[in-house]
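Structure first, commentary second.
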Amino acid sequence: MYNLLSGLSVIEASSFVASPSAGLYCAQMGAEVIRVDQIGGGPDFRRWPVTASNDSLYWENLNRAKKSVALDLGRPEGRELLQQLVRATGQFITNFPASGFLAHEVLAAERPDLVTVRVMGWADGSPALDYTVNNSVGYPMMTGPGPDPVNHVLPAWDLLSGAYAAFALLAAIQRRSATGEGAEVRIPLSDVAIGTVANLGGIAEMLSTGENRPRLGNTVYGLFGRDFMTRDGARTMIVVVTPRQWSKLVSALGLGEAISQLEARRGVDFATDDGLRFAHRDALFPLFEAAIAARDHAELAAAFDAAGIVHSRYRTMLDAARDPSLVADNPIFGKADNPSGVAYPAAGAFAHVPQLERRPPRPAPRNGEHSEEILTTRLSLSSGEIARLIDAGVVGVA
C-alpha cells in the first residue's frame with residue numbers, strides 16, 4: 001500500500017476479474033475505492049477458490065483495501081442510491097452494461113464532469129469472457145503441441161484490461177483537470193486482446209505472410225528458448241535474449257567447439273542473431289539436450305546463476321507459495337485480518353517506491369461493512385433515514 005492516490009475516491013460497481021482489478025490497483029496506491037454490491041454479494045461473491053465455510057478467497061483478494069456499500073439494486077430506491085453515490089463522488093469504475101440506469105449519459109446529466117471507466121466484453125456491448133476472447137484472437141491454436149487447442153488458465157485479458165482501466169481512469173481525470181470535462185472510457189476485453197496481438201507484431205505477421213504461426217510446444221518463437229531435462233529428472237526452461245547470455249550458456253555447457261563446427265557447416269554465426277538461433281533449432285537443440293541431460297539440476301542451476309543465464313525449473317503453484325524469496329520474504333506481502341478468518345500472506349502493491357514507506361496490505365470489506373459511513377459522508381443522509389433504509393431492506397450492513 002502506498003498513498004500516491006490519497007484524496008482520490010472512486011465508486012466501483014463490478015464483478016469477476018477485470019473491473020475489480022482496476023479498483024484494486026487504485027486502492028493499493030491509496031485511493032478510497034468504494035464497492036457497491038447487491039445485499040448478500042454479487043455474482044462472484046462465492047467464486048472459487050473458497051474456504052470450508054464457503055468464503056471466496058478469490059473475492060477476498062481482488063477486493064482488498066476497498067470499502068463496501070450493500071444495496072438492493074433490484075429496487076428503484078437502491079439503484080437511485082448508487083446513482084447518487086456516483087454523482088457525488090465523480091469517478092466510477094464498472095462492468096455493468098453501457099445502457100440502463102448506470103449509462104454514462106444518465107449519470108452525467110447531473111454531473112457533467114463525471115469520469116466513467118467501463119470494462120466490456122465486446123465493443124458492441126455483447127458479453128464475452130477472457131476465455132472466449134482468447135479463443136477469438138487465436139492463441140489457443142498456437143499453444144501446446146497440437147492439434148487440439150489449449151486454453152490458457154491465466155485470465156490474461158482480464159488482468160490486462162483491469163490494469164488498462166486503472167490507467168485510463170487516471171488519464172481521464174488528468175484531462176478533466178486540464179479542461180473541466182468528464183468522459184466515459186470504454187475498455188472492451190476484445191479490443192485489449194486484439195490490440196495486444198497487434199502491438200506484438202501478430203497482425204502484421206499474419207497478414208503479411210498469409211500463414212498461421214506453427215505450433216512450437218514450449219519453444220519460444222523467434223528466440224533460443226525451450227524446456228530441457230536434467231540428469232536427475234528436473235525440467236527447466238532456458239531462454240536467451242542477448243549475445244552475452246548466448247556466449248555464457250555455450251561456455252557453461254562446454255559447447256563452444258560443437259557450436260563452432262555447426263556454424264561452419266551451415267555458414268552462419270549464432271553469436272548476435274536471435275533469428276538464426278531459432279531458425280537452426282533443429283541442429284542446436286540436440287546439442288543442448290545432450291549437454292543438459294549429462295548434469296544434475298543443482299549443479300547446472302549454480303553454473304547458470306553464476307553466469308547470469310536466464311533459467312527456471314518448472315514447479316507447482318504450491319511450490320511457489322512456499323518459496324520464501326517469492327512470498328514469505330517478499331515485501332509486497334504482509335498480514336491482514338481477512339474476513340474469511342483464514343491466515344495467509346496478503347499481496348499489496350506490486351510496485352516498489354524506495355522514497356515512500358510501504359504500508360501493509362489491508363483486508364477486503366465485509367458486504368455492507370461501510371454502508372452507514374459512506375451514506376453519511378457522501379450523501380449526507382441522517383441516521384434516521386439510514387435506519388429506515390436498512391429496515392426496508394434497501395441498504396445492507398455487515
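All residue names refer to the C-alpha cells as shown: chains lettered A, B, ... in order, residues numbered from 1 in each chain, ligands numbered from 1 in order.
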Considering only C-alpha atoms, tabulate each residue of segment 290-388 of chain A that lies at most 10 Å from segment 223-236 of chain A along with its nearest interatomic pair and the corresponding distance in Å to one decimal; arrange the rows by chain and ascending residue number and present them as CSV.
residue,atom,partner,partner_atom,distance
A:Ala290,CA,A:Thr230,CA,9.2
A:Ala291,CA,A:Thr230,CA,8.8
A:Ile292,CA,A:Thr230,CA,5.4
A:Ala293,CA,A:Thr230,CA,4.4
A:Ala294,CA,A:Arg231,CA,5.4
A:Arg295,CA,A:Arg231,CA,5.2
A:Asp296,CA,A:Arg231,CA,5.0
A:His297,CA,A:Thr230,CA,5.7
A:Ala298,CA,A:Asp232,CA,9.3
A:Glu299,CA,A:Thr230,CA,9.9
A:Leu300,CA,A:Thr230,CA,8.3
A:Ala301,CA,A:Thr236,CA,9.3
A:Val310,CA,A:Gly225,CA,9.7
A:His311,CA,A:Thr236,CA,6.7
A:Ser312,CA,A:Thr236,CA,5.5
A:Arg313,CA,A:Thr236,CA,4.0
A:Tyr314,CA,A:Thr236,CA,5.6
A:Arg315,CA,A:Arg235,CA,8.7
C-alpha atoms of the current selection, written as a PDB file, in the first residue's frame:
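Output below, filename part_35.pdb:
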ATOM      1  CA  ALA A 290      22.710 -33.927 -24.521  1.00  0.00           C
ATOM      2  CA  ALA A 291      24.781 -31.445 -22.527  1.00  0.00           C
ATOM      3  CA  ILE A 292      21.984 -30.678 -20.068  1.00  0.00           C
ATOM      4  CA  ALA A 293      20.969 -34.317 -19.695  1.00  0.00           C
ATOM      5  CA  ALA A 294      24.512 -35.085 -18.520  1.00  0.00           C
ATOM      6  CA  ARG A 295      24.276 -32.830 -15.454  1.00  0.00           C
ATOM      7  CA  ASP A 296      22.134 -32.620 -12.319  1.00  0.00           C
ATOM      8  CA  HIS A 297      19.872 -29.629 -11.851  1.00  0.00           C
ATOM      9  CA  ALA A 298      21.548 -28.203  -8.738  1.00  0.00           C
ATOM     10  CA  GLU A 299      24.955 -28.154 -10.412  1.00  0.00           C
ATOM     11  CA  LEU A 300      23.525 -26.684 -13.586  1.00  0.00           C
ATOM     12  CA  ALA A 301      21.489 -24.017 -11.767  1.00  0.00           C
ATOM     13  CA  VAL A 310      18.023 -16.910 -17.564  1.00  0.00           C
ATOM     14  CA  HIS A 311      16.521 -20.210 -16.442  1.00  0.00           C
ATOM     15  CA  SER A 312      13.791 -21.563 -14.212  1.00  0.00           C
ATOM     16  CA  ARG A 313      12.840 -25.032 -13.095  1.00  0.00           C
ATOM     17  CA  TYR A 314       9.207 -25.989 -13.625  1.00  0.00           C
ATOM     18  CA  ARG A 315       7.311 -26.321 -10.384  1.00  0.00           C
TER      19      ARG A 315
END
#### Entry: Near-Ser68 of chain A list (9 Å; only C-alpha atoms; drop same-chain fewer than 4 positions) as a list in words
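Listed by chain and then number, they are Val33, Ile34, Arg35, Val36, Asp37, Ala364, Pro365, Arg366, Asn367, Gly368, Glu369, His370, Ser371 and Ile374 of chain A.
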### Query
Can you tell me how far atom CA of Ala347 of chain A sits from atom CA of Gly334 of chain A, in Å to one decimal?
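Pair atom CA of Ala347 of chain A / atom CA of Gly334 of chain A returns 6.6 Å.
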### Message
Can you pull out the residues contacting Glu357 of chain A? Cut-off 9 Å, using only C-alpha atoms, and skip same-chain residues under 4 positions away; I want them as a list in words.
### Response
Met1, Tyr2, Asn3 and Val353 of chain A
### Task
From segment 151-275 of chain A, collect each residue whose DSSP state is helix (DSSP H, G or I) and return the set as a PyMOL selection string.
chain A and resi 156-179+189-199+202-209+243-252+256-266+274-275
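With atom CA of Ile11 of chain A on one side and atom CA of Gly121 of chain A on the other, the separation reads 20.5 Å.
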